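Visitor: Structure incoming, see below.
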Amino acid sequence: MSNLEDKPPEVVCEAARGGIEVMTPREVPLGGPRAMSVRRTLPQRARSLIGAWCFLDHYGPDEVQATGGMSVPPHPHTGLQTVSWLFTGEIEHRDSAGHHAMVRPGELNLMTAGHGISHSEVSTPSTTTLHGAQLWVALPSSARDAAPGFEHFAPSPVTGDGWEARVFLGSLLGTASPVSTATPLLGAELLLGAGTELHLDVDPGFEHGVLVDTGVVSIGDVEAKQHELAYLPPGSQRLTLEAVADARLLLLGGPPFGEAIVMWWNFVGRSHEEVVAFREEWMAQLAGGGYADGRFGVPVGNELAPIPAPALPNARLRERH
Ligand code: MN
């Protein structure tokens, strides 16, 4: 999906150090006549990255009749991958690298922007309830200029006493995703019945995030409730999650990213100049109200008018300190 804020803040993303933190989301309208909104937990002032995970949008359950559903016209991306994960509903994806895919519950759809891509995302007419997450992964310098791509993977659920897991990236609970990533990553959906205590063996080099979709979960001496994001610093070989009430969670992780990035609108870059140039290349493709080929290509079969980039802030985009 696209960042549709009128004046998207530019964020210098650097990891901080500390104990378990619980962060609350901010509501961000996605735009459109009836304006479906999302709950954004990353980036925020307190934290910008968890591993390479740099953007977490969580939405629904929304009745499409009331919100208009998702209708995000073509927009560009650079230097990142998008992870679409649905709980309910269906979204049609079209991108300029030639991929046309249906995003469905319990299935990973990973789009690599790399050097540049543009895509549209529209909930299908049969969707009555829309509920899911849109996550971005920052690509390291070694991979951020790579060719765009798209991967799909439907993990088989792993189950135990009072829990069920779908591991879509990385490995957990004795199962592993076949999808390769540019930096080590963990991504999994966890269902925990009330009272279930689940012990997870994890890489102590990873930091983790627990996004609570429903319910309440206790982690160490903190409690994270619905829509909150708990951050767990590196250094633990075992995480224990206890469901205070029936819970559905997304568990994300990876080693601290180690590179400062400049995020602005839908671009991940490394400097002010680079992001300004990305913006100019996108606007050049849209010159005269058109949608010409260029760095970001043109999605096949798309009928929506592409989204122009917002104005840059007056101040210079901040680079790493
Ligand atoms: Mn997008």
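If you're wondering about the labels, chains in the structure tokens are A, B, ... by order shown, residues count from 1 in each chain, ligands from 1 in order shown.
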Write out as a list of chain:residue names which residues come within 12 Å of region 243-245 of chain A when counting only C-alpha atoms, dropping same-chain ones fewer than 5 positions away.

Guide: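 Contacts, in chain order: A:Gly162, A:Trp163, A:Leu190, A:Leu191, A:Leu192, A:Gly193, A:Ala194, A:Gly195, A:Thr196, A:Glu197, A:Leu198, A:His199, A:Val212, A:Asp213, A:Thr214, A:Gly215, A:Val216, A:Val217, A:Ser218, A:Ile219, A:Gly220, A:Val222, A:Glu223, A:Ala224, A:Lys225, A:Gln226.
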
Visitor: Could you write out the selected residues, including C-alpha atoms, as a short mmCIF file (atom, residue, chain, number, x, y, z; two decimals), in the first residue's frame?

Guide:
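Dumped to again_25.cif:
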```
data_model
loop_
_atom_site.label_atom_id
_atom_site.label_comp_id
_atom_site.auth_asym_id
_atom_site.auth_seq_id
_atom_site.Cartn_x
_atom_site.Cartn_y
_atom_site.Cartn_z
CA GLY A 162 -3.56 -24.02 22.58
CA TRP A 163 -1.60 -22.45 19.72
CA LEU A 190 0.48 -16.73 16.00
CA LEU A 191 -2.90 -17.72 17.43
CA LEU A 192 -2.93 -18.30 21.18
CA GLY A 193 -5.88 -19.53 23.21
CA ALA A 194 -6.53 -17.72 26.50
CA GLY A 195 -4.12 -18.97 29.17
CA THR A 196 -1.69 -20.51 26.68
CA GLU A 197 1.97 -19.95 27.46
CA LEU A 198 4.12 -20.43 24.36
CA HIS A 199 7.91 -20.69 24.60
CA VAL A 212 -1.28 -7.57 18.70
CA ASP A 213 -4.17 -7.95 16.27
CA THR A 214 -6.65 -9.21 18.84
CA GLY A 215 -6.53 -10.06 22.52
CA VAL A 216 -3.93 -9.33 25.17
CA VAL A 217 -0.52 -10.93 25.54
CA SER A 218 1.92 -10.91 28.42
CA ILE A 219 5.63 -10.77 27.51
CA GLY A 220 8.06 -10.76 30.42
CA VAL A 222 4.79 -6.14 30.25
CA GLU A 223 1.35 -6.60 28.74
CA ALA A 224 0.53 -5.64 25.17
CA LYS A 225 -3.10 -5.21 24.23
CA GLN A 226 -5.02 -5.04 20.96
#
```

Visitor: Using DSSP assignments from the backbone, pull out every residue in region 9-138 of chain A that falls under helix (DSSP H, G or I) and give it to me as a list of chain:residue names.

Guide: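 Of region 9-138 of chain A, only A:Val64, A:Gln65, A:Ala66, A:Thr67 fall in helix (DSSP H, G or I).
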
Visitor: With C-alpha atoms retained, write the just-selected residues as a PDB file, in the first residue's frame.

Guide:
```pdb
ATOM      1  CA  VAL A  64     -16.079  -2.465   3.123  1.00  0.00           C
ATOM      2  CA  GLN A  65     -19.612  -1.125   2.660  1.00  0.00           C
ATOM      3  CA  ALA A  66     -18.803   1.586   5.205  1.00  0.00           C
ATOM      4  CA  THR A  67     -15.143   2.303   4.419  1.00  0.00           C
TER       5      THR A  67
END
```

Visitor: At a cut-off of 10 Å and counting only C-alpha atoms and all ligand atoms, what residues surround ligand 1? Please answer as JSON, numbers by chain.

Guide: {"A": [1, 2, 3, 4, 72, 73, 74, 75, 76, 77, 80, 81, 82, 83, 84, 93, 95, 111, 113, 117, 118, 119, 120, 121, 134, 135, 136, 266, 267]}

Visitor: Which value, in Å to one decimal, gives the distance between CA of Pro25 (chain A) and CA of Arg39 (chain A)?

Guide: 5.3 Å

Visitor: Just how far from CA of Gly209 (chain A) is CA of Tyr231 (chain A), in Å to one decimal?

Guide: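 Separating CA of Tyr231 (chain A) from CA of Gly209 (chain A) is a distance of 4.6 Å.
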
Visitor: Given only C-alpha atoms, how would the per-residue table for region 157-255 of chain A near region 41-58 of chain A read, listing every residue at most 12 Å away with its closest atom pair and distance in Å to one decimal, sorted by chain and number, as JSON lines?

Guide:
```
{"residue": "A:Leu169", "atom": "CA", "partner": "A:Trp53", "partner_atom": "CA", "distance": 11.9}
{"residue": "A:Thr181", "atom": "CA", "partner": "A:Ala52", "partner_atom": "CA", "distance": 10.2}
{"residue": "A:Ala182", "atom": "CA", "partner": "A:Ala52", "partner_atom": "CA", "distance": 9.3}
{"residue": "A:Thr183", "atom": "CA", "partner": "A:Ala52", "partner_atom": "CA", "distance": 7.2}
{"residue": "A:Pro184", "atom": "CA", "partner": "A:Gly51", "partner_atom": "CA", "distance": 8.3}
{"residue": "A:Leu185", "atom": "CA", "partner": "A:Gly51", "partner_atom": "CA", "distance": 7.2}
{"residue": "A:Leu186", "atom": "CA", "partner": "A:Gly51", "partner_atom": "CA", "distance": 9.0}
{"residue": "A:Gly187", "atom": "CA", "partner": "A:Trp53", "partner_atom": "CA", "distance": 9.7}
{"residue": "A:Gly205", "atom": "CA", "partner": "A:Gly51", "partner_atom": "CA", "distance": 9.9}
{"residue": "A:Phe206", "atom": "CA", "partner": "A:Gly51", "partner_atom": "CA", "distance": 7.0}
{"residue": "A:Glu207", "atom": "CA", "partner": "A:Gly51", "partner_atom": "CA", "distance": 6.2}
{"residue": "A:His208", "atom": "CA", "partner": "A:Ile50", "partner_atom": "CA", "distance": 6.4}
{"residue": "A:Gly209", "atom": "CA", "partner": "A:Ile50", "partner_atom": "CA", "distance": 6.6}
{"residue": "A:Val210", "atom": "CA", "partner": "A:Ile50", "partner_atom": "CA", "distance": 10.3}
{"residue": "A:Leu211", "atom": "CA", "partner": "A:Thr41", "partner_atom": "CA", "distance": 8.5}
{"residue": "A:Val212", "atom": "CA", "partner": "A:His58", "partner_atom": "CA", "distance": 9.6}
{"residue": "A:Asp213", "atom": "CA", "partner": "A:His58", "partner_atom": "CA", "distance": 8.0}
{"residue": "A:Thr214", "atom": "CA", "partner": "A:His58", "partner_atom": "CA", "distance": 11.4}
{"residue": "A:Gln226", "atom": "CA", "partner": "A:His58", "partner_atom": "CA", "distance": 11.0}
{"residue": "A:His227", "atom": "CA", "partner": "A:His58", "partner_atom": "CA", "distance": 7.8}
{"residue": "A:Glu228", "atom": "CA", "partner": "A:Thr41", "partner_atom": "CA", "distance": 7.5}
{"residue": "A:Leu229", "atom": "CA", "partner": "A:Thr41", "partner_atom": "CA", "distance": 6.5}
{"residue": "A:Ala230", "atom": "CA", "partner": "A:Thr41", "partner_atom": "CA", "distance": 9.7}
{"residue": "A:Tyr231", "atom": "CA", "partner": "A:Ile50", "partner_atom": "CA", "distance": 7.7}
{"residue": "A:Leu232", "atom": "CA", "partner": "A:Ile50", "partner_atom": "CA", "distance": 9.0}
{"residue": "A:Pro233", "atom": "CA", "partner": "A:Ile50", "partner_atom": "CA", "distance": 8.9}
{"residue": "A:Pro234", "atom": "CA", "partner": "A:Gly51", "partner_atom": "CA", "distance": 9.8}
{"residue": "A:Leu249", "atom": "CA", "partner": "A:His58", "partner_atom": "CA", "distance": 11.3}
{"residue": "A:Leu250", "atom": "CA", "partner": "A:His58", "partner_atom": "CA", "distance": 10.4}
{"residue": "A:Leu251", "atom": "CA", "partner": "A:Ile50", "partner_atom": "CA", "distance": 10.9}
{"residue": "A:Leu252", "atom": "CA", "partner": "A:Trp53", "partner_atom": "CA", "distance": 7.7}
{"residue": "A:Gly253", "atom": "CA", "partner": "A:Gly51", "partner_atom": "CA", "distance": 5.8}
{"residue": "A:Gly254", "atom": "CA", "partner": "A:Gly51", "partner_atom": "CA", "distance": 4.0}
{"residue": "A:Pro255", "atom": "CA", "partner": "A:Gly51", "partner_atom": "CA", "distance": 4.8}
```

Visitor: Could you save the residues just selected, with C-alpha atoms, as a PDB file, in the first residue's frame?

Guide:
```pdb
ATOM      1  CA  LEU A 169       9.533 -15.594   6.720  1.00  0.00           C
ATOM      2  CA  THR A 181      15.558 -12.507   2.252  1.00  0.00           C
ATOM      3  CA  ALA A 182      18.394  -9.973   1.903  1.00  0.00           C
ATOM      4  CA  THR A 183      18.851  -9.775   5.686  1.00  0.00           C
ATOM      5  CA  PRO A 184      17.789 -12.461   8.208  1.00  0.00           C
ATOM      6  CA  LEU A 185      14.108 -11.969   9.033  1.00  0.00           C
ATOM      7  CA  LEU A 186      11.352 -13.580  11.037  1.00  0.00           C
ATOM      8  CA  GLY A 187       7.671 -13.163  10.215  1.00  0.00           C
ATOM      9  CA  GLY A 205      21.003 -11.725  17.715  1.00  0.00           C
ATOM     10  CA  PHE A 206      17.460 -10.767  16.661  1.00  0.00           C
ATOM     11  CA  GLU A 207      15.326  -7.974  18.008  1.00  0.00           C
ATOM     12  CA  HIS A 208      11.588  -8.736  17.846  1.00  0.00           C
ATOM     13  CA  GLY A 209       8.267  -7.015  17.527  1.00  0.00           C
ATOM     14  CA  VAL A 210       4.898  -8.404  18.615  1.00  0.00           C
ATOM     15  CA  LEU A 211       1.964  -6.704  16.900  1.00  0.00           C
ATOM     16  CA  VAL A 212      -1.277  -7.568  18.704  1.00  0.00           C
ATOM     17  CA  ASP A 213      -4.166  -7.947  16.270  1.00  0.00           C
ATOM     18  CA  THR A 214      -6.654  -9.210  18.837  1.00  0.00           C
ATOM     19  CA  GLN A 226      -5.018  -5.040  20.960  1.00  0.00           C
ATOM     20  CA  HIS A 227      -3.351  -2.861  18.283  1.00  0.00           C
ATOM     21  CA  GLU A 228      -0.178  -2.295  20.308  1.00  0.00           C
ATOM     22  CA  LEU A 229       3.343  -3.208  19.229  1.00  0.00           C
ATOM     23  CA  ALA A 230       5.753  -4.633  21.790  1.00  0.00           C
ATOM     24  CA  TYR A 231       9.472  -4.288  21.077  1.00  0.00           C
ATOM     25  CA  LEU A 232      11.884  -6.899  22.481  1.00  0.00           C
ATOM     26  CA  PRO A 233      15.605  -6.095  22.337  1.00  0.00           C
ATOM     27  CA  PRO A 234      18.224  -8.645  21.200  1.00  0.00           C
ATOM     28  CA  LEU A 249      -0.332 -11.765  16.880  1.00  0.00           C
ATOM     29  CA  LEU A 250       2.260 -11.044  14.261  1.00  0.00           C
ATOM     30  CA  LEU A 251       5.777 -11.839  15.460  1.00  0.00           C
ATOM     31  CA  LEU A 252       8.475 -10.002  13.486  1.00  0.00           C
ATOM     32  CA  GLY A 253      12.216 -10.080  13.963  1.00  0.00           C
ATOM     33  CA  GLY A 254      15.694  -9.664  12.589  1.00  0.00           C
ATOM     34  CA  PRO A 255      19.165  -8.509  13.587  1.00  0.00           C
TER      35      PRO A 255
END
```

Visitor: What's the 12 Å shell around region 69-71 of chain A, counting only C-alpha atoms, without same-chain residues fewer than 4 positions away, as a PyMOL selection string?

Guide: chain A and resi 1-2+4+29-38+59-65+75+89-93+119-132+134+302-307

Visitor: Could you check how far CA of Glu242 (chain A) sits from CA of Asp161 (chain A), in Å to one decimal?

Guide: 12.7 Å

Visitor: Between A:Glu259, A:Glu189, A:Glu273, A:Asp145, single out the one closest to Leu173 (chain A), counting only C-alpha atoms.

Guide: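 Using only C-alpha atoms, Leu173 (chain A) sits closest to A:Glu189.
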
Visitor: Find, counting only C-alpha atoms, the residue in A:Gly114, A:Gly170, A:Pro178, A:Pro8 that gets nearest to Ala154 (chain A).

Guide: A:Pro178

Visitor: Just list the residues in region 82-190 of chain A DSSP gives strand (DSSP E or B) on the backbone, as a short mmCIF file (atom, residue, chain, number, x, y, z; two decimals) with N, CA and C atoms, in the first residue's frame.

Guide:
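The resulting file, out.cif, is reproduced below:
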```
data_model
loop_
_atom_site.label_atom_id
_atom_site.label_comp_id
_atom_site.auth_asym_id
_atom_site.auth_seq_id
_atom_site.Cartn_x
_atom_site.Cartn_y
_atom_site.Cartn_z
N THR A 82 7.64 -5.03 0.16
CA THR A 82 6.37 -4.95 0.86
C THR A 82 5.89 -6.37 1.17
N VAL A 83 5.39 -6.53 2.39
CA VAL A 83 4.82 -7.81 2.83
C VAL A 83 3.34 -7.57 3.09
N SER A 84 2.49 -8.23 2.30
CA SER A 84 1.04 -8.13 2.50
C SER A 84 0.58 -9.38 3.23
N TRP A 85 -0.15 -9.18 4.34
CA TRP A 85 -0.65 -10.31 5.13
C TRP A 85 -2.10 -10.00 5.52
N LEU A 86 -2.99 -10.85 5.10
CA LEU A 86 -4.41 -10.63 5.36
C LEU A 86 -4.95 -11.62 6.39
N PHE A 87 -5.89 -11.15 7.21
CA PHE A 87 -6.66 -12.02 8.10
C PHE A 87 -8.02 -12.34 7.47
N THR A 88 -8.60 -11.33 6.81
CA THR A 88 -9.91 -11.50 6.16
C THR A 88 -9.95 -10.63 4.92
N ILE A 91 -7.32 -8.93 -1.79
CA ILE A 91 -6.80 -7.74 -2.46
C ILE A 91 -6.16 -8.15 -3.78
N GLU A 92 -6.43 -7.38 -4.82
CA GLU A 92 -5.84 -7.63 -6.13
C GLU A 92 -4.62 -6.72 -6.29
N HIS A 93 -3.50 -7.34 -6.60
CA HIS A 93 -2.22 -6.63 -6.73
C HIS A 93 -1.77 -6.65 -8.20
N ARG A 94 -1.36 -5.47 -8.69
CA ARG A 94 -0.76 -5.40 -10.04
C ARG A 94 0.50 -4.55 -9.93
N ASP A 95 1.61 -5.06 -10.49
CA ASP A 95 2.83 -4.25 -10.44
C ASP A 95 3.49 -4.15 -11.81
N HIS A 100 0.62 -10.04 -11.35
CA HIS A 100 -0.79 -9.85 -11.04
C HIS A 100 -1.13 -10.95 -10.05
N ALA A 101 -1.50 -10.58 -8.83
CA ALA A 101 -1.70 -11.59 -7.79
C ALA A 101 -2.90 -11.25 -6.93
N MET A 102 -3.52 -12.28 -6.37
CA MET A 102 -4.58 -12.10 -5.40
C MET A 102 -3.99 -12.35 -4.02
N VAL A 103 -4.11 -11.36 -3.14
CA VAL A 103 -3.61 -11.49 -1.78
C VAL A 103 -4.74 -12.05 -0.93
N PRO A 105 -5.99 -14.39 2.81
CA PRO A 105 -5.62 -14.64 4.21
C PRO A 105 -4.67 -15.83 4.35
N LEU A 108 1.60 -15.31 2.22
CA LEU A 108 2.57 -14.23 2.07
C LEU A 108 2.62 -13.75 0.63
N ASN A 109 2.56 -12.46 0.44
CA ASN A 109 2.85 -11.85 -0.86
C ASN A 109 3.94 -10.82 -0.63
N LEU A 110 5.11 -11.10 -1.18
CA LEU A 110 6.30 -10.28 -0.94
C LEU A 110 6.71 -9.62 -2.26
N MET A 111 6.61 -8.30 -2.30
CA MET A 111 7.02 -7.56 -3.50
C MET A 111 8.34 -6.87 -3.23
N THR A 112 9.31 -7.12 -4.10
CA THR A 112 10.60 -6.45 -3.99
C THR A 112 10.61 -5.24 -4.91
N ILE A 117 9.78 0.19 -8.65
CA ILE A 117 8.58 -0.52 -9.09
C ILE A 117 7.40 0.41 -8.85
N SER A 118 6.29 0.18 -9.53
CA SER A 118 5.04 0.82 -9.12
C SER A 118 3.95 -0.24 -9.10
N HIS A 119 2.98 -0.04 -8.20
CA HIS A 119 1.93 -1.06 -8.07
C HIS A 119 0.63 -0.46 -7.57
N SER A 120 -0.46 -1.20 -7.82
CA SER A 120 -1.78 -0.82 -7.31
C SER A 120 -2.31 -1.96 -6.45
N GLU A 121 -3.19 -1.61 -5.49
CA GLU A 121 -3.78 -2.59 -4.58
C GLU A 121 -5.24 -2.22 -4.37
N VAL A 122 -6.12 -3.14 -4.74
CA VAL A 122 -7.55 -2.86 -4.69
C VAL A 122 -8.26 -4.08 -4.08
N SER A 123 -9.09 -3.85 -3.06
CA SER A 123 -9.85 -4.98 -2.52
C SER A 123 -10.87 -5.43 -3.56
N THR A 129 -15.44 -7.84 4.34
CA THR A 129 -14.66 -7.42 5.51
C THR A 129 -13.19 -7.46 5.13
N LEU A 130 -12.49 -6.37 5.47
CA LEU A 130 -11.07 -6.28 5.14
C LEU A 130 -10.29 -6.12 6.44
N HIS A 131 -9.28 -6.97 6.61
CA HIS A 131 -8.55 -7.02 7.89
C HIS A 131 -7.17 -7.59 7.61
N GLY A 132 -6.14 -6.81 7.90
CA GLY A 132 -4.80 -7.32 7.62
C GLY A 132 -3.71 -6.35 7.99
N ALA A 133 -2.54 -6.61 7.44
CA ALA A 133 -1.36 -5.78 7.73
C ALA A 133 -0.55 -5.59 6.45
N GLN A 134 0.04 -4.42 6.35
CA GLN A 134 0.96 -4.13 5.27
C GLN A 134 2.27 -3.70 5.91
N LEU A 135 3.31 -4.43 5.62
CA LEU A 135 4.59 -4.24 6.29
C LEU A 135 5.67 -3.97 5.23
N TRP A 136 6.64 -3.16 5.59
CA TRP A 136 7.77 -2.93 4.69
C TRP A 136 9.05 -3.41 5.35
N VAL A 137 9.92 -3.93 4.48
CA VAL A 137 11.25 -4.38 4.88
C VAL A 137 12.27 -3.51 4.13
N ALA A 138 13.18 -2.86 4.85
CA ALA A 138 14.23 -2.08 4.18
C ALA A 138 15.28 -3.04 3.62
N GLY A 149 10.84 -7.71 -7.98
CA GLY A 149 10.37 -9.10 -8.02
C GLY A 149 9.14 -9.29 -7.15
N PHE A 150 8.63 -10.52 -7.16
CA PHE A 150 7.42 -10.82 -6.41
C PHE A 150 7.43 -12.30 -6.04
N GLU A 151 7.11 -12.62 -4.78
CA GLU A 151 7.04 -14.02 -4.35
C GLU A 151 5.77 -14.26 -3.55
N HIS A 152 5.27 -15.46 -3.71
CA HIS A 152 4.06 -15.87 -2.99
C HIS A 152 4.36 -17.15 -2.23
N PHE A 153 3.88 -17.25 -1.00
CA PHE A 153 4.09 -18.47 -0.21
C PHE A 153 2.95 -18.63 0.78
N VAL A 158 1.43 -24.70 11.79
CA VAL A 158 2.03 -25.60 12.78
C VAL A 158 1.19 -25.43 14.04
N THR A 159 0.82 -26.54 14.66
CA THR A 159 -0.08 -26.42 15.81
C THR A 159 0.47 -27.13 17.04
N GLY A 160 0.04 -26.69 18.20
CA GLY A 160 0.38 -27.33 19.47
C GLY A 160 -0.78 -27.11 20.43
N TRP A 163 -2.19 -23.43 20.64
CA TRP A 163 -1.60 -22.45 19.72
C TRP A 163 -1.54 -22.96 18.29
N GLU A 164 -1.41 -22.00 17.38
CA GLU A 164 -1.26 -22.30 15.95
C GLU A 164 -0.35 -21.22 15.37
N ALA A 165 0.56 -21.61 14.48
CA ALA A 165 1.52 -20.64 13.92
C ALA A 165 1.62 -20.79 12.41
N ARG A 166 1.76 -19.68 11.73
CA ARG A 166 2.06 -19.67 10.29
C ARG A 166 3.33 -18.86 10.11
N VAL A 167 4.41 -19.54 9.76
CA VAL A 167 5.72 -18.90 9.63
C VAL A 167 5.92 -18.53 8.16
N PHE A 168 5.82 -17.24 7.85
CA PHE A 168 5.92 -16.84 6.44
C PHE A 168 7.31 -16.36 6.05
N LEU A 169 8.14 -15.96 7.00
CA LEU A 169 9.53 -15.59 6.72
C LEU A 169 10.41 -16.11 7.85
N SER A 171 12.54 -18.80 10.32
CA SER A 171 12.22 -20.09 10.92
C SER A 171 11.82 -19.93 12.39
N LEU A 172 10.92 -20.79 12.80
CA LEU A 172 10.36 -20.75 14.15
C LEU A 172 9.60 -22.05 14.40
N THR A 175 9.80 -25.02 11.98
CA THR A 175 9.39 -24.90 10.57
C THR A 175 10.08 -23.68 9.97
N ALA A 176 10.26 -23.71 8.65
CA ALA A 176 10.98 -22.60 8.00
C ALA A 176 10.31 -22.21 6.70
N LEU A 186 12.38 -12.68 10.55
CA LEU A 186 11.35 -13.58 11.04
C LEU A 186 10.01 -12.90 10.84
N GLY A 187 9.04 -13.65 10.32
CA GLY A 187 7.67 -13.16 10.21
C GLY A 187 6.72 -14.32 10.42
N ALA A 188 5.83 -14.21 11.41
CA ALA A 188 4.91 -15.31 11.69
C ALA A 188 3.61 -14.78 12.28
N GLU A 189 2.51 -15.46 11.94
CA GLU A 189 1.23 -15.20 12.59
C GLU A 189 1.05 -16.26 13.67
N LEU A 190 0.68 -15.81 14.87
CA LEU A 190 0.48 -16.73 16.00
C LEU A 190 -0.93 -16.57 16.54
#
```
